[in-house]
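Asker: My structure is stored as input13.txt, with compact mmCIF, C-alpha atoms.
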# COMPACT_ATOMS: atom_id res chain seq x y z
CA MET A 1 53.81 127.42 47.87
CA ALA A 2 55.97 127.15 51.00
CA LEU A 3 55.17 123.43 51.27
CA ARG A 4 56.08 122.77 47.62
CA GLN A 5 59.36 124.62 48.08
CA ARG A 6 60.13 122.57 51.18
CA LEU A 7 59.41 119.34 49.28
CA ASP A 8 61.70 120.44 46.44
CA GLU A 9 64.46 121.03 49.02
CA VAL A 10 63.93 117.55 50.50
CA VAL A 11 64.13 115.87 47.07
CA ASP A 12 67.23 117.90 46.17
CA ARG A 13 68.92 116.92 49.42
CA PHE A 14 68.03 113.27 48.84
CA ASN A 15 69.60 113.36 45.37
CA ILE A 16 72.75 115.02 46.74
CA LEU A 17 73.07 112.31 49.39
CA GLU A 18 72.67 109.62 46.74
CA GLN A 19 75.45 111.18 44.63
CA ARG A 20 77.83 111.58 47.58
CA MET A 21 77.27 107.98 48.70
CA ALA A 22 78.00 106.78 45.17
CA SER A 23 81.27 108.74 45.10
CA GLY A 24 82.90 106.34 47.60
CA PRO A 25 83.34 108.41 50.78
CA ALA A 26 85.21 107.17 53.85
CA ALA A 27 83.40 104.53 55.89
CA GLU A 28 82.48 106.88 58.75
CA GLU A 29 81.13 109.49 56.32
CA PHE A 30 79.22 106.82 54.41
CA VAL A 31 77.49 105.68 57.60
CA ARG A 32 76.45 109.26 58.40
CA LEU A 33 75.18 109.87 54.86
CA SER A 34 73.33 106.56 54.69
CA ARG A 35 71.56 107.26 57.98
CA GLU A 36 70.22 110.58 56.66
CA TYR A 37 69.40 108.93 53.33
CA ALA A 38 67.35 106.22 55.08
CA GLU A 39 65.45 108.86 57.07
CA LEU A 40 64.53 110.82 53.93
CA GLU A 41 63.75 107.86 51.66
CA PRO A 42 60.14 107.21 52.83
CA LEU A 43 59.33 110.92 52.57
CA VAL A 44 60.78 111.17 49.06
CA HIS A 45 58.75 108.14 47.96
CA SER A 46 55.60 109.82 49.34
CA VAL A 47 56.45 113.03 47.50
CA SER A 48 56.92 111.07 44.27
CA ALA A 49 53.58 109.31 44.80
CA LEU A 50 51.87 112.64 45.51
CA ARG A 51 53.21 114.22 42.32
CA GLU A 52 52.10 111.21 40.27
CA ALA A 53 48.62 111.41 41.82
CA GLU A 54 48.44 115.14 41.06
CA LYS A 55 49.35 114.45 37.43
CA GLU A 56 46.69 111.74 37.32
CA LEU A 57 44.09 114.17 38.70
CA ALA A 58 45.05 116.80 36.12
CA GLY A 59 44.57 114.19 33.37
CA ILE A 60 41.17 113.19 34.78
CA ASP A 61 40.02 116.81 34.93
CA GLU A 62 41.12 117.36 31.34
CA MET A 63 39.30 114.22 30.26
CA MET A 64 36.13 115.38 32.03
CA ARG A 65 36.28 118.73 30.23
CA SER A 66 36.59 117.02 26.85
CA GLY A 67 33.02 115.75 27.01
CA ASP A 68 33.81 112.55 25.10
CA GLU A 69 32.74 109.03 26.02
CA LEU A 70 35.57 108.71 28.61
CA ALA A 71 34.39 111.71 30.66
CA GLU A 72 31.91 109.63 32.68
CA LEU A 73 34.58 107.03 33.49
CA ALA A 74 37.01 109.78 34.53
CA GLU A 75 34.38 111.34 36.79
CA ALA A 76 33.91 107.99 38.57
CA GLU A 77 37.67 107.66 39.16
CA ARG A 78 38.16 111.20 40.44
CA PRO A 79 37.05 110.78 44.13
CA ALA A 80 39.54 107.96 44.74
CA VAL A 81 42.42 110.03 43.34
CA VAL A 82 41.40 113.09 45.36
CA GLN A 83 41.34 110.94 48.50
CA ARG A 84 44.78 109.51 47.68
CA ILE A 85 46.17 113.03 47.30
CA ALA A 86 44.68 114.09 50.64
CA THR A 87 46.12 111.02 52.39
CA LEU A 88 49.59 111.50 50.91
CA SER A 89 49.51 115.22 51.75
CA ASP A 90 48.75 114.45 55.40
CA GLU A 91 51.49 111.80 55.51
CA ILE A 92 53.98 114.30 54.11
CA LYS A 93 52.93 117.06 56.52
CA ILE A 94 53.37 114.66 59.45
CA ALA A 95 56.80 113.60 58.17
CA LEU A 96 57.83 117.27 58.00
CA LEU A 97 56.76 118.03 61.56
CA PRO A 98 59.59 118.46 64.10
CA LYS A 99 60.73 115.05 65.31
CA ASP A 100 61.24 113.94 68.88
CA GLU A 101 64.98 113.30 68.85
CA ALA A 102 64.48 110.43 71.29
CA ASP A 103 62.11 108.50 68.99
CA SER A 104 64.95 106.61 67.31
CA LYS A 105 66.44 105.46 70.62
CA SER A 106 66.19 102.23 72.55
CA ALA A 107 64.30 102.44 75.86
CA ILE A 108 64.42 101.57 79.53
CA LEU A 109 61.15 99.89 80.55
CA GLU A 110 60.09 99.95 84.20
CA VAL A 111 57.02 98.04 85.41
CA ARG A 112 55.96 98.21 89.07
CA ALA A 113 53.08 96.66 90.99
CA GLY A 114 50.67 99.29 92.33
CA THR A 115 47.57 98.94 94.45
CA GLY A 116 46.25 95.40 94.82
CA GLY A 117 48.91 93.43 96.68
CA GLN A 118 49.79 90.04 95.20
CA GLU A 119 47.33 90.48 92.35
CA ALA A 120 49.06 93.72 91.35
CA ALA A 121 52.40 91.89 91.18
CA LEU A 122 50.83 89.16 89.02
CA PHE A 123 49.41 91.83 86.71
CA ALA A 124 52.80 93.56 86.51
CA GLY A 125 54.16 90.21 85.33
CA ASP A 126 51.42 89.97 82.69
CA LEU A 127 52.27 93.46 81.42
CA PHE A 128 55.99 92.74 81.25
CA ARG A 129 55.39 89.54 79.28
CA MET A 130 53.13 91.53 76.93
CA TYR A 131 55.99 93.94 76.24
CA GLU A 132 58.46 91.07 75.82
CA ARG A 133 56.25 89.51 73.14
CA PHE A 134 55.61 92.87 71.47
CA ALA A 135 59.38 93.44 71.41
CA SER A 136 59.88 90.03 69.80
CA GLU A 137 57.25 90.88 67.15
CA ASN A 138 59.26 94.01 66.30
CA GLY A 139 62.66 92.30 66.30
CA TRP A 140 63.86 94.06 69.47
CA ARG A 141 65.99 92.58 72.26
CA VAL A 142 64.93 92.69 75.91
CA GLU A 143 67.59 92.61 78.62
CA THR A 144 66.40 92.42 82.24
CA MET A 145 68.41 94.81 84.38
CA SER A 146 66.87 94.30 87.81
CA LEU A 147 63.80 92.65 89.29
CA SER A 148 61.99 91.98 92.52
CA GLU A 149 59.60 89.05 92.37
CA GLY A 150 56.16 88.98 93.98
CA GLU A 151 55.42 86.44 96.71
CA ALA A 152 52.77 84.68 94.58
CA GLY A 153 54.49 85.29 91.23
CA GLY A 154 54.83 88.23 88.92
CA TYR A 155 56.95 91.22 89.91
CA LYS A 156 56.93 93.90 92.54
CA GLU A 157 59.27 95.72 90.16
CA ILE A 158 61.14 94.85 86.98
CA ILE A 159 63.43 97.08 84.92
CA ALA A 160 64.66 96.09 81.46
CA ALA A 161 66.44 97.60 78.50
CA VAL A 162 64.57 97.21 75.22
CA ARG A 163 67.04 97.62 72.36
CA GLY A 164 66.31 98.13 68.69
CA ASP A 165 65.34 100.73 66.11
CA SER A 166 62.77 103.33 67.19
CA VAL A 167 61.79 101.47 70.36
CA PHE A 168 60.97 104.67 72.25
CA ALA A 169 58.79 105.94 69.39
CA LYS A 170 56.48 102.97 69.93
CA LEU A 171 56.68 102.29 73.66
CA LYS A 172 56.53 105.90 74.87
CA TRP A 173 52.72 105.72 74.75
CA GLU A 174 52.76 103.09 77.50
CA SER A 175 53.86 105.29 80.41
CA GLY A 176 51.17 105.60 83.07
CA VAL A 177 48.91 103.56 85.32
CA HIS A 178 47.47 100.35 83.87
CA ARG A 179 44.41 98.99 85.69
CA VAL A 180 43.12 95.41 85.66
CA GLN A 181 39.67 94.14 86.60
CA ARG A 182 39.48 90.36 87.08
CA VAL A 183 38.91 87.54 89.56
CA PRO A 184 42.30 86.82 91.14
CA ALA A 185 43.52 83.23 91.32
CA THR A 186 43.64 83.67 95.10
CA GLU A 187 39.96 84.73 95.29
CA SER A 188 37.73 81.83 96.33
CA GLY A 189 34.48 83.79 96.23
CA GLY A 190 34.68 84.68 92.55
CA ARG A 191 34.64 88.43 93.20
CA ILE A 192 36.17 90.82 90.67
CA HIS A 193 39.10 92.81 92.07
CA THR A 194 40.65 95.97 90.69
CA SER A 195 44.44 96.23 90.80
CA ALA A 196 47.00 98.40 89.09
CA ALA A 197 50.58 98.54 87.87
CA THR A 198 52.60 101.53 86.74
CA VAL A 199 54.71 101.60 83.59
CA ALA A 200 57.49 104.05 82.85
CA VAL A 201 59.26 104.13 79.47
CA LEU A 202 62.43 106.21 79.32
CA PRO A 203 64.59 106.88 76.26
CA GLU A 204 67.98 105.26 76.61
CA ALA A 205 70.57 107.99 77.16
CA GLU A 206 74.17 108.03 76.00
CA ASP A 207 77.00 109.91 77.65
CA VAL A 208 76.61 112.59 75.00
CA ASP A 209 72.94 113.07 75.99
CA ILE A 210 73.49 113.56 79.70
CA ASP A 211 76.65 114.44 81.64
CA ILE A 212 76.89 113.12 85.20
CA PRO A 213 79.89 114.58 87.06
CA ALA A 214 81.58 112.08 89.36
CA GLY A 215 81.02 114.43 92.30
CA ASP A 216 77.24 114.26 91.78
CA ILE A 217 76.94 110.56 92.63
CA ARG A 218 77.59 108.34 95.62
CA ILE A 219 78.18 104.65 94.95
CA ASP A 220 77.58 102.12 97.71
CA THR A 221 78.18 98.38 97.51
CA MET A 222 76.17 95.93 99.55
CA ARG A 223 75.41 92.26 99.87
CA ALA A 224 72.74 91.02 97.48
CA SER A 225 69.76 89.30 99.09
CA GLY A 226 67.89 86.23 97.91
CA ALA A 227 64.31 85.11 98.42
CA GLY A 228 63.91 83.28 101.74
CA GLY A 229 67.64 83.21 102.27
CA GLN A 230 68.19 81.04 99.19
CA HIS A 231 71.21 81.60 96.95
CA VAL A 232 72.27 84.69 98.87
CA ASN A 233 75.30 86.39 97.40
CA THR A 234 78.13 86.23 99.94
CA THR A 235 80.11 89.09 98.38
CA ASP A 236 79.33 92.79 98.29
CA SER A 237 78.40 92.77 94.59
CA ALA A 238 75.11 94.72 94.69
CA VAL A 239 75.44 98.40 93.79
CA ARG A 240 73.38 101.40 94.87
CA ILE A 241 73.99 104.72 93.14
CA THR A 242 72.57 107.93 94.61
CA HIS A 243 72.39 111.05 92.45
CA LEU A 244 73.00 113.74 95.06
CA PRO A 245 71.45 116.78 93.30
CA THR A 246 68.10 115.03 92.67
CA GLY A 247 68.04 112.28 95.30
CA ILE A 248 67.39 109.61 92.63
CA VAL A 249 68.50 106.17 93.86
CA VAL A 250 69.18 103.26 91.51
CA THR A 251 70.17 99.75 92.54
CA SER A 252 71.30 96.62 90.73
CA SER A 253 71.99 93.31 92.44
CA GLU A 254 73.14 90.70 89.95
CA LYS A 255 76.27 88.61 90.51
CA SER A 256 78.82 90.92 88.89
CA GLN A 257 79.61 94.20 90.65
CA HIS A 258 81.05 95.62 87.44
CA GLN A 259 77.88 94.74 85.53
CA ASN A 260 75.70 96.10 88.33
CA ARG A 261 77.50 99.42 88.27
CA ALA A 262 77.16 99.72 84.49
CA ARG A 263 73.46 98.85 84.59
CA ALA A 264 72.70 101.22 87.45
CA MET A 265 74.47 104.06 85.62
CA GLU A 266 72.48 103.27 82.50
CA VAL A 267 69.18 103.53 84.38
CA LEU A 268 70.32 106.70 86.16
CA ARG A 269 71.27 108.35 82.84
CA ALA A 270 67.88 107.44 81.41
CA ARG A 271 66.00 108.89 84.39
CA LEU A 272 67.98 112.13 84.36
CA TYR A 273 67.60 112.45 80.58
CA ASP A 274 63.85 111.88 80.97
CA MET A 275 63.69 114.61 83.63
CA GLN A 276 65.38 117.05 81.26
CA ARG A 277 63.02 116.13 78.42
CA GLN A 278 59.96 116.38 80.68
CA ALA A 279 60.99 119.84 81.87
CA ALA A 280 61.40 120.99 78.25
CA ALA A 281 58.08 119.39 77.28
CA ASP A 282 56.27 121.10 80.16
CA ALA A 283 57.64 124.44 79.01
CA ARG A 284 56.49 123.83 75.42
CA ALA A 285 53.12 122.48 76.54
CA ALA A 286 52.10 125.74 78.20
CA ASN A 287 50.29 126.74 75.02
CA ARG A 288 49.85 123.33 73.41
CA LYS A 289 47.26 120.60 73.86
CA THR A 290 48.58 118.05 71.37
CA GLN A 291 49.97 115.59 73.90
CA VAL A 292 48.12 112.30 74.34
CA GLY A 293 47.28 112.57 78.02
CA SER A 294 49.39 114.67 80.33
CA GLY A 295 52.43 112.40 80.38
CA ASP A 296 51.93 112.16 84.13
CA ARG A 297 53.00 108.72 85.33
CA SER A 298 50.19 108.82 87.91
CA GLU A 299 47.55 109.14 85.18
CA ARG A 300 45.34 106.08 84.64
CA ILE A 301 45.74 105.41 80.95
CA ARG A 302 44.28 101.96 80.31
CA THR A 303 41.92 99.35 81.78
CA TYR A 304 42.09 95.61 81.09
CA ASN A 305 38.68 94.09 81.90
CA PHE A 306 38.85 90.28 81.92
CA PRO A 307 35.13 89.46 82.42
CA GLN A 308 34.22 91.46 79.31
CA GLY A 309 37.42 90.65 77.39
CA ARG A 310 37.99 94.31 76.64
CA VAL A 311 40.82 96.82 76.80
CA THR A 312 40.01 100.53 77.04
CA ASP A 313 42.56 103.30 76.52
CA HIS A 314 41.10 106.28 78.35
CA ARG A 315 43.23 108.92 76.59
CA ILE A 316 41.48 108.47 73.25
CA ASN A 317 38.34 106.60 74.39
CA LEU A 318 39.40 103.50 72.45
CA THR A 319 37.82 100.17 73.42
CA LEU A 320 38.84 96.89 71.80
CA TYR A 321 37.29 93.52 72.64
CA LYS A 322 40.52 91.60 72.07
CA LEU A 323 42.10 91.43 75.51
CA ASP A 324 43.84 88.08 74.98
CA GLU A 325 45.38 89.23 71.70
CA ILE A 326 46.62 92.48 73.24
CA LEU A 327 48.13 90.77 76.29
CA SER A 328 49.83 88.28 73.96
CA GLY A 329 51.66 91.26 72.41
CA ALA A 330 50.23 90.61 68.94
CA GLY A 331 47.39 93.14 69.34
CA LEU A 332 49.26 95.81 71.30
CA GLY A 333 50.33 97.49 68.06
CA ASP A 334 46.67 98.29 67.28
CA VAL A 335 46.43 100.36 70.47
CA ILE A 336 49.79 102.05 69.97
CA ASP A 337 49.02 102.87 66.32
CA ALA A 338 45.69 104.43 67.33
CA LEU A 339 47.43 106.60 69.92
CA ALA A 340 50.07 107.72 67.40
CA THR A 341 47.40 108.47 64.78
CA ASP A 342 45.41 110.58 67.23
CA HIS A 343 48.55 112.44 68.28
CA ASN A 344 49.52 113.15 64.65
CA ALA A 345 45.99 114.33 63.80
CA LYS A 346 46.17 116.87 66.62
CA LEU A 347 49.61 118.01 65.48
CA LEU A 348 48.27 118.49 61.94
CA ALA A 349 45.27 120.45 63.18
CA GLU A 350 47.59 122.64 65.21
CA ALA A 351 49.93 123.19 62.25
CA ASP A 352 47.01 124.14 59.98
CA ALA A 353 45.45 126.48 62.55
Mind turning the file's structure into structure tokens?

Answerer:
Amino acid sequence: MALRQRLDEVVDRFNILEQRMASGPAAEEFVRLSREYAELEPLVHSVSALREAEKELAGIDEMMRSGDELAELAEAERPAVVQRIATLSDEIKIALLPKDEADSKSAILEVRAGTGGQEAALFAGDLFRMYERFASENGWRVETMSLSEGEAGGYKEIIAAVRGDSVFAKLKWESGVHRVQRVPATESGGRIHTSAATVAVLPEAEDVDIDIPAGDIRIDTMRASGAGGQHVNTTDSAVRITHLPTGIVVTSSEKSQHQNRARAMEVLRARLYDMQRQAAADARAANRKTQVGSGDRSERIRTYNFPQGRVTDHRINLTLYKLDEILSGAGLGDVIDALATDHNAKLLAEADA
């Protein structure tokens, strides 16, 4: 009964929004109303579909009770309708669960080479290109904010902003240690090496999300360096920002000091915002086990095995023999969707308990 009442409230609110938008409100108000309207629209469509399916089931049951020649046909149709109702009910329950307010945000993506030397840097490059292609598939923009290239290619570290709708909702599952097993290009004996790279995905933070008092930061300028002394910046354009209360240090070393400062502040805000969210999540998680993995960035979450052409996500014991497709970005959504589905299933089980 409580669920039906909640659904009635959602539909009523949706109708009110529709009426207020049609009344010609001011532009700013219209934007606010339309945003809420867009958020509710998929849920309202699911509620409508559920009610239609329930009516269809009632008609089938009545037909089965009639005992006429259509009863057998109705009985054959019933399981599919019951399954549709169950699926829609689960979708609606998931939609009604408390949302992570950061899910709608853009994200800061950080990829760093881990153990494995040059091969780790090459693998970090492979991962970053995978995310670039996945971003392109989703219509997102990727803006590189800082990078340090590996000696043989790839990246020792690369930080980028990934901008678009609900970027964090998708990419948040990628934080952790990614391991690769393959024969490096530099290996003459054909032996398989194991290397690793770490990925951190942080929700992009606005000024309203995190306040950084001017007295909490120290900003240093320095001369940017170039590989092997090539193209070295001769002005002090590189920026290093130190957050004094936490000791977090962020640097940016592109050509423009103004741009470097803005980018470094953006990364700093994201890291501080992520610290706040993690602290809140740890407090909530004391009595909850619904998280996929621990969220610990040191946790090994996935293995990419080249000889077998497989990718295994250790958090949900998922193995897919489509390594090339996943690294191309086209197949990454299959892994992310599986992680989200598992997470939602655990949330539903917890809500029903």

Asker: Tell me, as an NGL selection string, which residues lie within 8 Å of A:Gln181, counting only C-alpha atoms; anything in the same chain fewer than 2 positions away does not count.

Answerer: :A and (179 or 183 or 192-195 or 303-307)

Asker: From the set A:Asp61, A:Asp220, A:Asp103, A:Glu72, which residue has the shortest atom-to-atom contact distance to A:Asn260, counting only C-alpha atoms?

Answerer: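 Closest to A:Asn260 of all the choices is A:Asp220.
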
Asker: Which residue gives the smallest distance to A:Glu299 among A:Val81, A:Ala205, A:Met21, A:Val199, with only C-alpha atoms counted?

Answerer: A:Val199

Asker: Name the closest residue to A:Ala264 among the candidates A:Val111, A:Ile248, A:Leu339, A:Ala74; distances are taken between atoms, counting all atoms listed in the file.

Answerer: A:Ile248

Asker: Do you know which residues are at most 12 Å from A:Gln259 counting all atoms listed in the file, after dropping those on the same chain fewer than 4 positions away, and could you put them as a ChimeraX atom specification?

Answerer: /A:145-146,237-239,251-255,263-266

Asker: Find the residues near A:Arg133: any atom within 9 Å, counting all atoms listed in the file, skip ones fewer than 6 places away on the same chain, and give them as a short mmCIF file (atom, residue, chain, number, x, y, z; two decimals) with C-alpha atoms, in the frame of the given file.

Answerer:
data_model
loop_
_atom_site.label_atom_id
_atom_site.label_comp_id
_atom_site.auth_asym_id
_atom_site.auth_seq_id
_atom_site.Cartn_x
_atom_site.Cartn_y
_atom_site.Cartn_z
CA LEU A 327 48.13 90.77 76.29
CA SER A 328 49.83 88.28 73.96
CA GLY A 329 51.66 91.26 72.41
CA ALA A 330 50.23 90.61 68.94
#

Asker: To one decimal place, how far is atom CA of A:Ala95 from atom CA of A:Leu318 in Å?

Answerer: 24.7 Å

Asker: Counting all atoms listed in the file, which of A:Ala22, A:Leu96, A:Arg84, A:Phe123 gets nearest to A:Val10?

Answerer: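 The answer is A:Leu96, which sits nearest to A:Val10.
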
Asker: Quote the spacing between atom CA of A:Gly164 and atom CA of A:Arg302 in Å to one decimal place.

Answerer: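 Result for atom CA of A:Gly164 versus atom CA of A:Arg302: 25.2 Å, one decimal.
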
Asker: Measuring between all atoms listed in the file, which one of A:Glu132, A:Glu41, A:Asp334, A:Asp100 shows the shortest distance to A:Tyr321?

Answerer: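 Between A:Glu132, A:Glu41, A:Asp334, A:Asp100, the residue approaching A:Tyr321 most closely is A:Asp334.
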
Asker: What does the distance between atom CA of A:Ala200 and atom CA of A:Ser175 come to in Å, to one decimal place?

Answerer: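 Computing the Euclidean distance for atom CA of A:Ala200 and atom CA of A:Ser175 yields 4.5 Å.
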
Asker: With distances taken over all atoms listed in the file, which residue among A:Ala338, A:Leu73, A:Leu348, A:Val180 lies nearest A:Ala196?

Answerer: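 Of all the options, A:Val180 lies closest to A:Ala196.
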
Asker: Show which residues sit within 12 Å of A:Leu171, as a ChimeraX atom specification. Count only C-alpha atoms, and ignore same-chain residues fewer than 3 positions away.

Answerer: /A:102-110,130-132,134-135,138,140,161-168,174-176,199-203,332-333,335-337,339-340

Asker: Let's have the selection written as a PDB file, in the coordinates of the input, with C-alpha atoms.

Answerer:
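Output file part01.pdb is given in full below:
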ATOM      1  CA  ALA A 102      64.480 110.430  71.290  1.00  0.00           C
ATOM      2  CA  ASP A 103      62.110 108.500  68.990  1.00  0.00           C
ATOM      3  CA  SER A 104      64.950 106.610  67.310  1.00  0.00           C
ATOM      4  CA  LYS A 105      66.440 105.460  70.620  1.00  0.00           C
ATOM      5  CA  SER A 106      66.190 102.230  72.550  1.00  0.00           C
ATOM      6  CA  ALA A 107      64.300 102.440  75.860  1.00  0.00           C
ATOM      7  CA  ILE A 108      64.420 101.570  79.530  1.00  0.00           C
ATOM      8  CA  LEU A 109      61.150  99.890  80.550  1.00  0.00           C
ATOM      9  CA  GLU A 110      60.090  99.950  84.200  1.00  0.00           C
ATOM     10  CA  MET A 130      53.130  91.530  76.930  1.00  0.00           C
ATOM     11  CA  TYR A 131      55.990  93.940  76.240  1.00  0.00           C
ATOM     12  CA  GLU A 132      58.460  91.070  75.820  1.00  0.00           C
ATOM     13  CA  PHE A 134      55.610  92.870  71.470  1.00  0.00           C
ATOM     14  CA  ALA A 135      59.380  93.440  71.410  1.00  0.00           C
ATOM     15  CA  ASN A 138      59.260  94.010  66.300  1.00  0.00           C
ATOM     16  CA  TRP A 140      63.860  94.060  69.470  1.00  0.00           C
ATOM     17  CA  ALA A 161      66.440  97.600  78.500  1.00  0.00           C
ATOM     18  CA  VAL A 162      64.570  97.210  75.220  1.00  0.00           C
ATOM     19  CA  ARG A 163      67.040  97.620  72.360  1.00  0.00           C
ATOM     20  CA  GLY A 164      66.310  98.130  68.690  1.00  0.00           C
ATOM     21  CA  ASP A 165      65.340 100.730  66.110  1.00  0.00           C
ATOM     22  CA  SER A 166      62.770 103.330  67.190  1.00  0.00           C
ATOM     23  CA  VAL A 167      61.790 101.470  70.360  1.00  0.00           C
ATOM     24  CA  PHE A 168      60.970 104.670  72.250  1.00  0.00           C
ATOM     25  CA  GLU A 174      52.760 103.090  77.500  1.00  0.00           C
ATOM     26  CA  SER A 175      53.860 105.290  80.410  1.00  0.00           C
ATOM     27  CA  GLY A 176      51.170 105.600  83.070  1.00  0.00           C
ATOM     28  CA  VAL A 199      54.710 101.600  83.590  1.00  0.00           C
ATOM     29  CA  ALA A 200      57.490 104.050  82.850  1.00  0.00           C
ATOM     30  CA  VAL A 201      59.260 104.130  79.470  1.00  0.00           C
ATOM     31  CA  LEU A 202      62.430 106.210  79.320  1.00  0.00           C
ATOM     32  CA  PRO A 203      64.590 106.880  76.260  1.00  0.00           C
ATOM     33  CA  LEU A 332      49.260  95.810  71.300  1.00  0.00           C
ATOM     34  CA  GLY A 333      50.330  97.490  68.060  1.00  0.00           C
ATOM     35  CA  VAL A 335      46.430 100.360  70.470  1.00  0.00           C
ATOM     36  CA  ILE A 336      49.790 102.050  69.970  1.00  0.00           C
ATOM     37  CA  ASP A 337      49.020 102.870  66.320  1.00  0.00           C
ATOM     38  CA  LEU A 339      47.430 106.600  69.920  1.00  0.00           C
ATOM     39  CA  ALA A 340      50.070 107.720  67.400  1.00  0.00           C
TER      40      ALA A 340
END

Asker: Compute the distance from (72.7, 113.7, 50.9) to each atom, counting all atoms listed in the file, keep the residues with any atom at most 12 Å away, and return them as a JSON list (two decimals) with C-alpha atoms, in the frame of the given file; use the coordinates of the file.

Answerer:
[["chain", "number", "residue", "atom", "x", "y", "z"],
["A", 9, "GLU", "CA", 64.46, 121.03, 49.02],
["A", 10, "VAL", "CA", 63.93, 117.55, 50.50],
["A", 11, "VAL", "CA", 64.13, 115.87, 47.07],
["A", 12, "ASP", "CA", 67.23, 117.90, 46.17],
["A", 13, "ARG", "CA", 68.92, 116.92, 49.42],
["A", 14, "PHE", "CA", 68.03, 113.27, 48.84],
["A", 15, "ASN", "CA", 69.60, 113.36, 45.37],
["A", 16, "ILE", "CA", 72.75, 115.02, 46.74],
["A", 17, "LEU", "CA", 73.07, 112.31, 49.39],
["A", 18, "GLU", "CA", 72.67, 109.62, 46.74],
["A", 19, "GLN", "CA", 75.45, 111.18, 44.63],
["A", 20, "ARG", "CA", 77.83, 111.58, 47.58],
["A", 21, "MET", "CA", 77.27, 107.98, 48.70],
["A", 22, "ALA", "CA", 78.00, 106.78, 45.17],
["A", 23, "SER", "CA", 81.27, 108.74, 45.10],
["A", 25, "PRO", "CA", 83.34, 108.41, 50.78],
["A", 29, "GLU", "CA", 81.13, 109.49, 56.32],
["A", 30, "PHE", "CA", 79.22, 106.82, 54.41],
["A", 31, "VAL", "CA", 77.49, 105.68, 57.60],
["A", 32, "ARG", "CA", 76.45, 109.26, 58.40],
["A", 33, "LEU", "CA", 75.18, 109.87, 54.86],
["A", 34, "SER", "CA", 73.33, 106.56, 54.69],
["A", 35, "ARG", "CA", 71.56, 107.26, 57.98],
["A", 36, "GLU", "CA", 70.22, 110.58, 56.66],
["A", 37, "TYR", "CA", 69.40, 108.93, 53.33],
["A", 38, "ALA", "CA", 67.35, 106.22, 55.08],
["A", 39, "GLU", "CA", 65.45, 108.86, 57.07],
["A", 40, "LEU", "CA", 64.53, 110.82, 53.93],
["A", 41, "GLU", "CA", 63.75, 107.86, 51.66]]

Asker: Do you know which residues lie at most 7 Å from (36.8, 91.2, 74.7), with coordinates as in the file and all atoms listed in the file counted, and could you write them as a list of chain:residue names?

Answerer: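 Answer for this query, in the requested form: A:Gln308, A:Gly309, A:Arg310, A:Leu320, A:Tyr321, A:Lys322, A:Leu323.
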
Asker: Show which residues sit within 10 Å of A:Leu97, as an MDAnalysis selection string. Count all atoms listed in the file, and ignore same-chain residues fewer than 5 positions away.

Answerer: chainID A and resid 92 344 347:348 351
